[in-house]
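A.B. asks: So here's upload.txt, just compact mmCIF, C-alpha atoms and all ligand atoms:
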```txt
# COMPACT_ATOMS: atom_id res chain seq x y z
CA MET S 1 -44.60 -32.74 -35.72
CA PHE S 2 -42.69 -32.68 -32.35
CA LYS S 3 -39.58 -33.86 -34.10
CA ARG S 4 -39.75 -30.89 -36.46
CA LEU S 5 -40.27 -28.49 -33.60
CA TYR S 6 -37.22 -29.91 -31.79
CA LEU S 7 -35.22 -29.59 -34.96
CA THR S 8 -36.26 -25.97 -35.45
CA ILE S 9 -35.37 -25.15 -31.83
CA LEU S 10 -32.05 -26.87 -32.25
CA VAL S 11 -31.23 -24.94 -35.41
CA ILE S 12 -32.18 -21.62 -33.78
CA ALA S 13 -30.13 -22.44 -30.69
CA LEU S 14 -27.11 -23.32 -32.79
CA PHE S 15 -27.49 -20.14 -34.81
CA VAL S 16 -27.75 -17.94 -31.71
CA GLY S 17 -24.80 -19.75 -30.18
CA LEU S 18 -22.77 -19.19 -33.32
CA ILE S 19 -23.51 -15.48 -33.37
CA GLY S 20 -22.58 -15.27 -29.70
CA PHE S 21 -19.38 -17.15 -30.35
CA THR S 22 -18.25 -15.11 -33.31
CA THR S 23 -19.02 -11.75 -31.73
CA GLY S 24 -17.41 -12.97 -28.50
CA CYS S 25 -14.20 -13.66 -30.40
CA GLN S 26 -14.18 -10.32 -32.15
CA PRO S 27 -12.85 -7.75 -29.69
CA LYS S 28 -15.23 -4.87 -29.48
CA GLU S 29 -14.05 -1.56 -30.91
CA GLN S 30 -13.84 -0.13 -27.40
CA GLU S 31 -11.65 -2.96 -26.09
CA VAL S 32 -9.14 -2.61 -28.91
CA ASN S 33 -8.62 1.02 -28.10
CA GLU S 34 -7.95 0.71 -24.42
CA ILE S 35 -5.38 -0.81 -22.13
CA LYS S 36 -6.80 -2.06 -18.85
CA ILE S 37 -4.83 -1.77 -15.64
CA GLY S 38 -6.14 -3.13 -12.35
CA GLY S 39 -6.01 -1.13 -9.14
CA VAL S 40 -6.65 -2.52 -5.65
CA GLY S 41 -6.96 -1.04 -2.17
CA PRO S 42 -9.16 -1.43 0.93
CA ILE S 43 -12.00 1.04 0.41
CA SER S 44 -14.06 -0.60 3.12
CA GLY S 45 -13.07 -2.28 6.38
CA ASP S 46 -11.03 -0.85 9.22
CA ALA S 47 -8.40 0.91 7.09
CA GLU S 48 -10.59 2.48 4.44
CA THR S 49 -8.63 5.74 4.20
CA PHE S 50 -5.76 3.62 2.81
CA GLY S 51 -7.90 2.43 -0.09
CA ILE S 52 -9.54 5.76 -0.82
CA SER S 53 -6.15 7.45 -1.05
CA THR S 54 -4.82 4.62 -3.21
CA ARG S 55 -7.71 4.96 -5.63
CA ASN S 56 -7.37 8.76 -5.75
CA GLY S 57 -3.64 8.58 -6.46
CA GLU S 58 -4.07 5.97 -9.20
CA ASN S 59 -6.94 7.85 -10.81
CA LEU S 60 -5.00 11.08 -10.92
CA ALA S 61 -2.05 9.39 -12.66
CA VAL S 62 -4.28 7.67 -15.22
CA GLU S 63 -6.17 10.88 -15.98
CA GLU S 64 -2.93 12.72 -16.61
CA TRP S 65 -1.68 10.07 -19.00
CA ASN S 66 -5.00 9.97 -20.84
CA ALA S 67 -5.00 13.76 -21.17
CA LYS S 68 -1.68 13.39 -22.98
CA GLY S 69 -2.97 10.66 -25.31
CA GLY S 70 -2.76 7.54 -23.11
CA VAL S 71 -0.06 4.95 -23.70
CA LEU S 72 0.90 3.04 -26.87
CA GLY S 73 -1.73 5.16 -28.62
CA LYS S 74 -4.53 3.78 -26.46
CA GLU S 75 -6.63 5.08 -23.64
CA ILE S 76 -5.82 3.66 -20.20
CA LYS S 77 -8.74 2.23 -18.30
CA LEU S 78 -8.32 1.80 -14.55
CA ILE S 79 -10.43 -0.97 -13.06
CA PHE S 80 -10.31 -0.50 -9.30
CA ARG S 81 -11.48 -3.18 -6.89
CA ASP S 82 -11.85 -3.25 -3.09
CA ASP S 83 -9.91 -5.94 -1.16
CA LYS S 84 -11.56 -4.87 2.13
CA GLY S 85 -8.19 -5.29 3.88
CA ASP S 86 -8.85 -9.03 3.89
CA PRO S 87 -6.36 -11.51 2.37
CA ALA S 88 -9.10 -13.91 1.19
CA GLU S 89 -10.88 -11.05 -0.54
CA ALA S 90 -7.59 -9.96 -2.11
CA VAL S 91 -7.26 -13.39 -3.76
CA ASN S 92 -10.80 -13.07 -5.04
CA VAL S 93 -10.29 -9.59 -6.41
CA TRP S 94 -6.96 -10.44 -8.09
CA THR S 95 -8.50 -13.45 -9.80
CA LYS S 96 -11.39 -11.34 -11.09
CA LEU S 97 -9.11 -8.59 -12.38
CA ILE S 98 -6.98 -11.03 -14.31
CA ASP S 99 -9.48 -13.64 -15.49
CA GLN S 100 -12.60 -11.54 -15.90
CA ASP S 101 -11.45 -7.97 -16.50
CA LYS S 102 -8.35 -9.04 -18.48
CA VAL S 103 -6.07 -6.39 -17.04
CA VAL S 104 -2.48 -6.33 -18.32
CA ALA S 105 -0.96 -5.24 -14.99
CA ILE S 106 -2.01 -4.58 -11.38
CA VAL S 107 -1.14 -1.71 -9.05
CA GLY S 108 -2.11 -2.88 -5.57
CA THR S 109 -2.51 -3.21 -2.73
CA ALA S 110 -1.96 -1.38 0.52
CA MET S 111 -1.64 -3.93 3.29
CA SER S 112 1.20 -6.42 3.24
CA LYS S 113 -1.01 -9.29 4.39
CA CYS S 114 -3.22 -8.80 1.30
CA SER S 115 -0.32 -8.31 -1.14
CA LEU S 116 1.28 -11.46 0.25
CA ALA S 117 -1.89 -13.43 -0.44
CA ALA S 118 -2.35 -12.00 -3.94
CA ALA S 119 1.17 -11.78 -5.36
CA PRO S 120 1.46 -15.52 -6.16
CA ILE S 121 -1.51 -15.13 -8.53
CA CYS S 122 0.26 -12.40 -10.52
CA GLN S 123 3.42 -14.47 -10.56
CA ALA S 124 1.64 -17.61 -11.76
CA LYS S 125 -0.28 -15.74 -14.48
CA LYS S 126 2.72 -13.60 -15.49
CA ILE S 127 0.93 -10.33 -14.85
CA PRO S 128 3.29 -7.63 -13.53
CA MET S 129 2.32 -6.13 -10.19
CA ILE S 130 3.51 -3.13 -8.20
CA ALA S 131 2.42 -3.00 -4.58
CA PRO S 132 2.34 0.72 -3.79
CA ALA S 133 2.58 0.55 -0.02
CA SER S 134 3.17 -3.02 1.22
CA THR S 135 6.41 -2.83 3.16
CA ASN S 136 6.83 -6.40 4.43
CA PRO S 137 9.99 -7.79 2.78
CA MET S 138 8.39 -11.11 1.77
CA VAL S 139 5.97 -9.48 -0.70
CA THR S 140 8.49 -9.25 -3.55
CA ASP S 141 9.99 -12.65 -2.67
CA CYS S 142 6.98 -14.13 -4.48
CA GLY S 143 8.80 -13.84 -7.80
CA ASP S 144 10.13 -11.71 -10.63
CA TYR S 145 6.77 -10.21 -11.65
CA ILE S 146 6.31 -8.57 -8.25
CA PHE S 147 7.62 -5.06 -7.53
CA ARG S 148 6.82 -2.38 -4.99
CA ALA S 149 7.00 1.42 -4.84
CA CYS S 150 7.82 1.75 -1.13
CA PHE S 151 10.81 1.07 1.12
CA ILE S 152 10.77 -2.15 3.12
CA ASP S 153 10.28 -2.76 6.84
CA PRO S 154 13.80 -3.87 7.79
CA PHE S 155 14.90 -0.35 6.83
CA GLN S 156 11.85 1.35 8.37
CA GLY S 157 12.40 -0.55 11.65
CA ILE S 158 16.08 0.42 11.75
CA VAL S 159 15.26 4.09 11.17
CA GLY S 160 12.64 3.97 13.94
CA ALA S 161 15.06 2.34 16.40
CA ASN S 162 17.86 4.81 15.55
CA PHE S 163 15.49 7.72 16.00
CA ALA S 164 14.34 6.41 19.41
CA TYR S 165 17.89 5.77 20.58
CA TYR S 166 19.80 8.75 19.19
CA ASP S 167 17.24 11.51 18.68
CA LEU S 168 14.91 10.83 21.59
CA GLY S 169 17.66 9.44 23.86
CA VAL S 170 15.53 6.46 24.88
CA ARG S 171 17.25 3.41 26.43
CA LYS S 172 14.25 1.33 27.60
CA ALA S 173 11.56 0.61 25.02
CA GLY S 174 8.45 -1.54 24.87
CA VAL S 175 6.62 -2.87 21.81
CA ILE S 176 2.98 -3.80 21.21
CA PHE S 177 1.92 -5.42 17.92
CA ASP S 178 -0.82 -7.38 16.14
CA ILE S 179 0.24 -11.02 16.08
CA GLY S 180 -2.10 -11.81 13.14
CA ASN S 181 -0.71 -9.17 10.79
CA ASP S 182 2.50 -9.77 8.81
CA TYR S 183 3.27 -6.06 8.62
CA THR S 184 3.00 -5.23 12.31
CA LYS S 185 4.66 -8.47 13.43
CA GLY S 186 7.59 -8.02 11.03
CA LEU S 187 8.12 -4.36 11.82
CA SER S 188 8.04 -4.96 15.60
CA GLU S 189 10.87 -7.50 15.21
CA PHE S 190 12.99 -5.24 12.98
CA PHE S 191 12.66 -2.39 15.48
CA ARG S 192 13.45 -4.64 18.46
CA ASP S 193 16.55 -6.17 16.86
CA GLN S 194 18.02 -2.80 15.92
CA PHE S 195 17.23 -1.17 19.26
CA ILE S 196 19.04 -4.02 21.03
CA ASN S 197 21.95 -3.76 18.54
CA LEU S 198 22.35 -0.15 19.50
CA GLY S 199 22.64 -1.09 23.16
CA GLY S 200 19.05 -0.30 24.17
CA GLU S 201 16.78 -2.60 26.15
CA VAL S 202 13.42 -3.87 24.90
CA VAL S 203 11.87 -4.64 28.25
CA GLY S 204 8.45 -5.66 26.96
CA PHE S 205 7.32 -7.26 23.70
CA GLU S 206 3.55 -7.63 23.84
CA SER S 207 1.16 -8.89 21.19
CA HIS S 208 -2.59 -8.74 20.71
CA PRO S 209 -4.92 -10.63 18.37
CA THR S 210 -6.27 -8.98 15.21
CA GLY S 211 -9.51 -7.13 15.92
CA ALA S 212 -8.80 -6.50 19.62
CA THR S 213 -10.03 -3.20 21.04
CA ASP S 214 -8.89 -3.50 24.64
CA PHE S 215 -5.12 -3.34 25.02
CA LYS S 216 -4.99 -2.50 28.71
CA ALA S 217 -3.55 -5.80 29.94
CA GLN S 218 -0.59 -5.62 27.53
CA LEU S 219 -0.09 -1.90 28.19
CA THR S 220 -0.12 -2.42 31.94
CA ASN S 221 2.65 -5.02 31.54
CA LEU S 222 4.70 -2.57 29.49
CA ILE S 223 4.17 0.42 31.74
CA LYS S 224 5.13 -1.40 34.92
CA THR S 225 8.58 -2.21 33.44
CA GLY S 226 9.29 1.52 33.26
CA VAL S 227 9.47 1.89 29.45
CA GLU S 228 10.36 5.36 28.21
CA LEU S 229 8.85 4.73 24.79
CA ILE S 230 6.19 2.44 23.36
CA TYR S 231 6.70 1.35 19.75
CA ILE S 232 3.36 0.73 18.02
CA PRO S 233 3.88 -0.61 14.49
CA ASP S 234 0.16 -0.86 13.70
CA TYR S 235 -2.50 0.67 11.44
CA TYR S 236 -4.00 3.97 12.49
CA SER S 237 -7.23 2.74 14.09
CA ASP S 238 -5.49 0.27 16.43
CA ALA S 239 -2.56 2.62 17.03
CA ALA S 240 -4.86 5.49 18.06
CA LEU S 241 -6.77 3.29 20.51
CA ILE S 242 -3.55 1.91 21.98
CA MET S 243 -2.21 5.44 22.59
CA LYS S 244 -5.47 6.53 24.16
CA GLN S 245 -5.52 3.59 26.53
CA ALA S 246 -1.83 4.00 27.42
CA ARG S 247 -2.43 7.64 28.41
CA GLU S 248 -5.51 6.60 30.39
CA LEU S 249 -3.26 4.19 32.28
CA GLY S 250 -0.94 7.10 33.12
CA PHE S 251 1.88 6.50 30.60
CA LYS S 252 3.87 9.72 30.11
CA GLY S 253 6.60 8.58 27.72
CA TYR S 254 7.03 8.68 23.95
CA PHE S 255 4.99 6.92 21.27
CA LEU S 256 6.65 5.90 18.02
CA GLY S 257 5.11 4.09 15.05
CA GLY S 258 5.47 3.22 11.38
CA ASP S 259 3.77 4.13 8.10
CA GLY S 260 0.53 2.47 9.27
CA TRP S 261 -0.20 5.64 11.26
CA ASP S 262 -0.52 7.71 8.12
CA SER S 263 -4.18 8.65 8.07
CA PRO S 264 -6.16 11.77 8.93
CA ASP S 265 -8.23 9.46 11.14
CA LEU S 266 -5.30 8.84 13.53
CA VAL S 267 -5.94 12.21 15.16
CA LYS S 268 -9.72 11.91 14.85
CA ILE S 269 -9.72 8.65 16.81
CA GLY S 270 -6.79 9.33 19.14
CA GLY S 271 -7.35 13.03 19.93
CA ASP S 272 -4.89 14.45 22.47
CA ALA S 273 -3.36 11.04 23.16
CA VAL S 274 -1.54 11.03 19.82
CA GLU S 275 -0.03 14.51 20.30
CA GLY S 276 3.75 14.40 20.28
CA GLY S 277 3.82 10.95 18.68
CA PHE S 278 6.40 10.27 15.95
CA PHE S 279 6.19 7.91 13.00
CA THR S 280 8.26 6.84 10.01
CA ASN S 281 6.64 7.46 6.64
CA HIS S 282 7.03 7.56 2.85
CA PHE S 283 6.15 11.13 2.21
CA SER S 284 5.42 14.49 3.74
CA LYS S 285 3.28 17.05 1.97
CA ASP S 286 5.61 19.72 3.40
CA ASP S 287 8.67 18.36 1.58
CA PRO S 288 9.83 21.32 -0.55
CA ARG S 289 10.97 19.22 -3.56
CA PRO S 290 9.16 20.48 -6.70
CA GLU S 291 7.80 16.98 -7.56
CA VAL S 292 6.13 16.88 -4.13
CA GLN S 293 4.70 20.39 -4.27
CA ASP S 294 3.41 19.93 -7.81
CA PHE S 295 1.66 16.69 -6.80
CA VAL S 296 0.21 18.22 -3.62
CA ASN S 297 -1.29 21.10 -5.62
CA LYS S 298 -2.80 18.86 -8.30
CA TYR S 299 -4.21 16.45 -5.73
CA LYS S 300 -5.71 19.23 -3.65
CA GLU S 301 -7.31 20.79 -6.69
CA LYS S 302 -8.93 17.52 -7.70
CA TYR S 303 -9.93 16.06 -4.34
CA GLY S 304 -10.13 19.13 -2.10
CA LYS S 305 -7.79 17.70 0.55
CA ASP S 306 -4.11 17.06 1.17
CA PRO S 307 -2.65 13.78 -0.10
CA ASP S 308 -1.26 11.29 2.40
CA GLY S 309 1.58 8.82 1.83
CA PHE S 310 -0.75 6.28 0.27
CA ALA S 311 -2.00 8.68 -2.34
CA ALA S 312 1.58 9.62 -3.24
CA LEU S 313 2.75 6.00 -3.44
CA ALA S 314 -0.25 4.94 -5.53
CA TYR S 315 0.31 7.87 -7.89
CA ASP S 316 3.99 6.93 -8.19
CA ALA S 317 3.29 3.21 -8.62
CA MET S 318 0.75 3.85 -11.38
CA ASN S 319 3.09 6.26 -13.18
CA ILE S 320 5.88 3.70 -13.00
CA MET S 321 3.67 0.93 -14.37
CA ILE S 322 2.45 3.04 -17.29
CA THR S 323 6.00 4.22 -18.04
CA ALA S 324 7.10 0.58 -18.10
CA ILE S 325 4.32 -0.29 -20.56
CA LYS S 326 5.45 2.62 -22.71
CA ASN S 327 9.12 1.59 -22.51
CA ALA S 328 8.21 -2.03 -23.25
CA GLY S 329 6.24 -0.90 -26.30
CA SER S 330 3.88 -3.75 -25.49
CA THR S 331 1.34 -5.08 -23.01
CA ASP S 332 3.05 -8.44 -22.85
CA GLY S 333 3.67 -9.35 -19.18
CA ALA S 334 7.27 -10.47 -19.61
CA LYS S 335 8.16 -7.36 -21.59
CA ILE S 336 6.59 -5.04 -18.98
CA ARG S 337 8.45 -6.92 -16.25
CA ASP S 338 11.77 -6.39 -18.05
CA ALA S 339 11.02 -2.71 -18.55
CA LEU S 340 10.22 -2.38 -14.84
CA LYS S 341 13.54 -3.95 -13.85
CA ASN S 342 15.43 -1.29 -15.79
CA ILE S 343 13.37 1.73 -14.87
CA SER S 344 14.73 4.89 -13.28
CA PHE S 345 11.93 7.18 -12.25
CA LYS S 346 11.87 10.54 -10.51
CA ALA S 347 8.82 9.93 -8.35
CA VAL S 348 6.97 12.08 -5.79
CA THR S 349 8.20 9.78 -3.00
CA GLY S 350 11.81 9.89 -4.23
CA LYS S 351 13.87 8.56 -7.09
CA ILE S 352 12.96 4.95 -7.83
CA THR S 353 15.20 2.25 -9.24
CA PHE S 354 14.71 -1.38 -8.28
CA ASP S 355 17.35 -3.52 -6.58
CA GLU S 356 17.81 -7.21 -7.46
CA ASN S 357 14.80 -8.10 -5.28
CA ARG S 358 12.58 -5.54 -7.06
CA ASN S 359 12.50 -3.23 -4.03
CA PRO S 360 13.26 0.46 -4.43
CA VAL S 361 16.04 1.99 -2.38
CA LYS S 362 14.43 5.07 -0.84
CA SER S 363 14.49 7.52 2.05
CA VAL S 364 12.26 7.43 5.12
CA VAL S 365 10.59 10.58 6.41
CA ILE S 366 9.95 11.15 10.13
CA ILE S 367 6.75 12.91 11.07
CA GLU S 368 5.59 14.33 14.39
CA ILE S 369 1.98 14.94 15.39
CA LYS S 370 1.74 18.54 16.61
CA ASP S 371 -1.51 20.41 17.27
CA GLY S 372 -3.37 17.63 15.49
CA GLN S 373 -1.28 18.06 12.32
CA GLN S 374 1.42 15.95 10.73
CA VAL S 375 4.62 17.98 10.93
CA TYR S 376 7.68 17.06 8.86
CA ASN S 377 10.63 16.34 11.14
CA THR S 378 13.45 14.90 9.03
CA THR S 379 14.40 12.67 6.07
CA ILE S 380 16.70 9.66 6.54
CA SER S 381 18.44 8.21 3.50
CA PRO S 382 19.54 4.57 3.27
N1 LIG M 401 3.11 -0.59 5.01
C1 LIG M 401 1.82 -1.10 5.42
C2 LIG M 401 1.78 -2.58 5.15
O1 LIG M 401 2.66 -3.07 4.54
C3 LIG M 401 0.71 -0.41 4.73
C4 LIG M 401 0.78 1.07 4.79
C5 LIG M 401 1.49 1.79 3.85
C6 LIG M 401 0.14 1.76 5.79
C7 LIG M 401 1.56 3.20 3.89
C8 LIG M 401 0.19 3.15 5.82
C9 LIG M 401 0.92 3.88 4.89
O2 LIG M 401 0.89 -3.28 5.52
```
Can you give me the file's structure in the form of structure tokens?
Ligand code: PHE

C.D. replies:
Amino acid sequence: MFKRLYLTILVIALFVGLIGFTTGCQPKEQEVNEIKIGGVGPISGDAETFGISTRNGENLAVEEWNAKGGVLGKEIKLIFRDDKGDPAEAVNVWTKLIDQDKVVAIVGTAMSKCSLAAAPICQAKKIPMIAPASTNPMVTDCGDYIFRACFIDPFQGIVGANFAYYDLGVRKAGVIFDIGNDYTKGLSEFFRDQFINLGGEVVGFESHPTGATDFKAQLTNLIKTGVELIYIPDYYSDAALIMKQARELGFKGYFLGGDGWDSPDLVKIGGDAVEGGFFTNHFSKDDPRPEVQDFVNKYKEKYGKDPDGFAALAYDAMNIMITAIKNAGSTDGAKIRDALKNISFKAVTGKITFDENRNPVKSVVIIEIKDGQQVYNTTISP
């Protein structure tokens, strides 16, 4: 009696398992008709405006392609995940996108420290990746599947140092940076080396740990050396606090920073202290080029606000990835990678072709904060 019951249960279990197996192997109708691309950015954590802009830019690009029929005759599905600005979380998210969501390519992420942690996964699994905004040079060193849509920090640091030396006439500079962040550490060194090359003096080179909120000890050291400018290659929330505290300590000189300042929250957090500050960036919404103005109008219409550099880079990076899939005529990783290598793309943030290290050669824009607004100052070409 029990034996029969066991047998019946076993037969049913096998049958159910078999159905599950066969349907699992048959791609669902919906899956056949779509191409999945992963998107990643920090939509929570202390740089959330970076991730929100990244997602907006990627979404806009995907919607436009889908409105024109998608790519390779299929609809594009963007699967966007939050890396929280944390390298460990980036590894987690990348693994999920590839193993679970089965994306054919990834456009992400913002922060260099997260892209550095995640890129080896794309390389190992042969999934092409474009980091929209990670400027640390080591990101693309991970291998031939890793590209980026932005300039790199050695160039950004040189432009910053030249601007300080020639345009602002500064001869004595100080630097404060986050020792636990590859982006801010790298950029501080590139700036310092160029400023010294030019004949300037870097009289203070101060670091702080990640997560610090009190920078007064380091700033006091810098200020007492008589610096005319403080270089702050940090993300907007730290940078704004540093500027506030420097002004509170009586510093009257210039502030200069990098692309990490590009957030509407810089002014919200820093208030008057950030007035007159300059930073190097990827994009200015006031650039009169038609590609820029067209993008600014579309973005504003959809999201009700101006795009920042992140939104523009993410839009560009997604358009480049989809164009590469189209040119490859396939979703095969190696074929997309080869198509990316040969691409020439007129993007919002400038014309993009990749050099032998899969980095684009692009201009840097200098922006000044005036009356709480980002004002376009100049464009510097490589
Ligand atoms: N470049 C920064 C990094 O590599 C990220 C960033 C890009 C910040 C663009 C602001 C604007 O970590």

A.B. asks: Neighbours of range 265-268 of chain S within 9 Å (all atoms listed in the file; same-chain residues fewer than 6 positions away dropped), as a compact mmCIF listing (two decimals) with C-alpha atoms, in the frame of the given file?

C.D. replies:
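Saved the output as around.txt:
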```
# COMPACT_ATOMS: atom_id res chain seq x y z
CA THR S 49 -8.63 5.74 4.20
CA TYR S 235 -2.50 0.67 11.44
CA TYR S 236 -4.00 3.97 12.49
CA SER S 237 -7.23 2.74 14.09
CA ALA S 239 -2.56 2.62 17.03
CA ALA S 240 -4.86 5.49 18.06
CA VAL S 274 -1.54 11.03 19.82
CA GLU S 275 -0.03 14.51 20.30
CA ILE S 369 1.98 14.94 15.39
CA GLY S 372 -3.37 17.63 15.49
CA GLN S 373 -1.28 18.06 12.32
```

A.B. asks: Would you mind listing the residues within 8 Å of ligand LIG 401 (chain M), counting all atoms listed in the file, as a PDB file with C-alpha atoms, in the coordinates of the input?

C.D. replies:
```
ATOM      1  CA  PHE S  50      -5.760   3.620   2.810  1.00  0.00           C
ATOM      2  CA  ALA S 110      -1.960  -1.380   0.520  1.00  0.00           C
ATOM      3  CA  MET S 111      -1.640  -3.930   3.290  1.00  0.00           C
ATOM      4  CA  SER S 112       1.200  -6.420   3.240  1.00  0.00           C
ATOM      5  CA  LYS S 113      -1.010  -9.290   4.390  1.00  0.00           C
ATOM      6  CA  PRO S 132       2.340   0.720  -3.790  1.00  0.00           C
ATOM      7  CA  ALA S 133       2.580   0.550  -0.020  1.00  0.00           C
ATOM      8  CA  SER S 134       3.170  -3.020   1.220  1.00  0.00           C
ATOM      9  CA  THR S 135       6.410  -2.830   3.160  1.00  0.00           C
ATOM     10  CA  ASN S 136       6.830  -6.400   4.430  1.00  0.00           C
ATOM     11  CA  ASP S 153      10.280  -2.760   6.840  1.00  0.00           C
ATOM     12  CA  ASP S 182       2.500  -9.770   8.810  1.00  0.00           C
ATOM     13  CA  TYR S 183       3.270  -6.060   8.620  1.00  0.00           C
ATOM     14  CA  THR S 184       3.000  -5.230  12.310  1.00  0.00           C
ATOM     15  CA  TYR S 235      -2.500   0.670  11.440  1.00  0.00           C
ATOM     16  CA  TYR S 236      -4.000   3.970  12.490  1.00  0.00           C
ATOM     17  CA  GLY S 258       5.470   3.220  11.380  1.00  0.00           C
ATOM     18  CA  ASP S 259       3.770   4.130   8.100  1.00  0.00           C
ATOM     19  CA  GLY S 260       0.530   2.470   9.270  1.00  0.00           C
ATOM     20  CA  TRP S 261      -0.200   5.640  11.260  1.00  0.00           C
ATOM     21  CA  ASP S 262      -0.520   7.710   8.120  1.00  0.00           C
ATOM     22  CA  SER S 263      -4.180   8.650   8.070  1.00  0.00           C
ATOM     23  CA  ASN S 281       6.640   7.460   6.640  1.00  0.00           C
ATOM     24  CA  HIS S 282       7.030   7.560   2.850  1.00  0.00           C
ATOM     25  CA  GLY S 309       1.580   8.820   1.830  1.00  0.00           C
ATOM     26  CA  PHE S 310      -0.750   6.280   0.270  1.00  0.00           C
ATOM     27  CA  LEU S 313       2.750   6.000  -3.440  1.00  0.00           C
TER      28      LEU S 313
END
```

A.B. asks: Return the single residue from S:Val71, S:Ala105, S:Val364, S:Val296 that is closest to Pro154 in chain S, with distances computed using all atoms listed in the file.

C.D. replies: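 Between S:Val71, S:Ala105, S:Val364, S:Val296, the residue approaching Pro154 in chain S most closely is S:Val364.
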
A.B. asks: Figure out the distance between CA of Thr54 in chain S and CA of Arg289 in chain S, please, to one decimal in Å.

C.D. replies: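 Value for the CA of Arg289 in chain S-CA of Thr54 in chain S distance: 21.5 Å.
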
A.B. asks: With distances taken over only C-alpha atoms, which of S:Asn357, S:Asp141, S:Pro264, S:Val62 is nearest to Val107 in chain S?

C.D. replies: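 Distance minimum relative to Val107 in chain S lands on S:Val62.
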
A.B. asks: Find the distance between CA of Gly180 in chain S and CA of Gly211 in chain S and write it in Å to one decimal.

C.D. replies: 9.2 Å

A.B. asks: Fewer than 2 positions away in the same chain doesn't count, so skip those; otherwise give me all residues within 10 Å of Asp82 in chain S, counting all atoms listed in the file, as a ChimeraX atom specification.

C.D. replies: /S:39-45,48,51-52,55,80,84-86,89-90,93,109

A.B. asks: Restricting the calculation to all atoms listed in the file: of S:Asp144, S:Asp178, S:Glu63, S:Asp101, which residue gets closest to Gln218 in chain S?

C.D. replies: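 Comparing S:Asp144, S:Asp178, S:Glu63, S:Asp101 against Gln218 in chain S, the winner is S:Asp178.
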
A.B. asks: Which of these, S:Leu222, S:Leu72, S:Val361, S:Ile121, has the shortest distance to Thr95 in chain S once you count only C-alpha atoms?

C.D. replies: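 Under the stated criterion, the closest residue is S:Ile121.
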
A.B. asks: Restricting the calculation to all atoms listed in the file: of S:Asp308, S:Asp338, S:Asp46, S:Asp167, which residue gets closest to Arg358 in chain S?

C.D. replies: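 Of S:Asp308, S:Asp338, S:Asp46, S:Asp167, the one nearest Arg358 in chain S is S:Asp338, counting all atoms listed in the file.
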
A.B. asks: Around the point (5.8, -6.0, 17.6) (coordinates from the file), which residues reach within 8 Å if we count all atoms listed in the file? Answer as a count of residues only.

C.D. replies: 18

A.B. asks: Tell me which protein, DNA and RNA residues are within 6 Å of Glu368 in chain S, counting only C-alpha atoms, leaving out same-chain ones fewer than 3 positions away, and put them as a PDB file with C-alpha atoms, in the coordinates of the input.

C.D. replies:
```pdb
ATOM      1  CA  GLY S 277       3.820  10.950  18.680  1.00  0.00           C
ATOM      2  CA  PHE S 278       6.400  10.270  15.950  1.00  0.00           C
ATOM      3  CA  GLN S 374       1.420  15.950  10.730  1.00  0.00           C
ATOM      4  CA  VAL S 375       4.620  17.980  10.930  1.00  0.00           C
TER       5      VAL S 375
END
```

A.B. asks: In Å, rounded to a single decimal, give me how far CA of Pro382 in chain S is from CA of Val348 in chain S.

C.D. replies: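 So the two atoms, CA of Val348 in chain S and CA of Pro382 in chain S, lie 17.2 Å apart.
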
A.B. asks: Looking at only C-alpha atoms, which of S:Leu219, S:Ala118, S:Val292, S:Ile79 is the one that sits closest to Ile37 in chain S?

C.D. replies: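 Checking each candidate against Ile37 in chain S, we get S:Ile79 as the closest.
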
A.B. asks: Please return, as an NGL selection string, all polymer residues that have at least one atom within 12 Å of the point (-0.6, -15.7, -6.8); use all atoms listed in the file and the file's own coordinate frame.

C.D. replies: :S and (87-88 or 90-95 or 98 or 114-129 or 139-143 or 145-146)

A.B. asks: First collect every listed atom of range 269-279 of chain S; then fit an axis-aligned box around them, widen it by 8 Å on each side, and give centre and edge lengths in Å to one decimal, as AutoDock Vina command-line options.

C.D. replies:
```
--center_x -1.7 --center_y 11.2 --center_z 18.1 --size_x 32.1 --size_y 22.6 --size_z 26.2
```
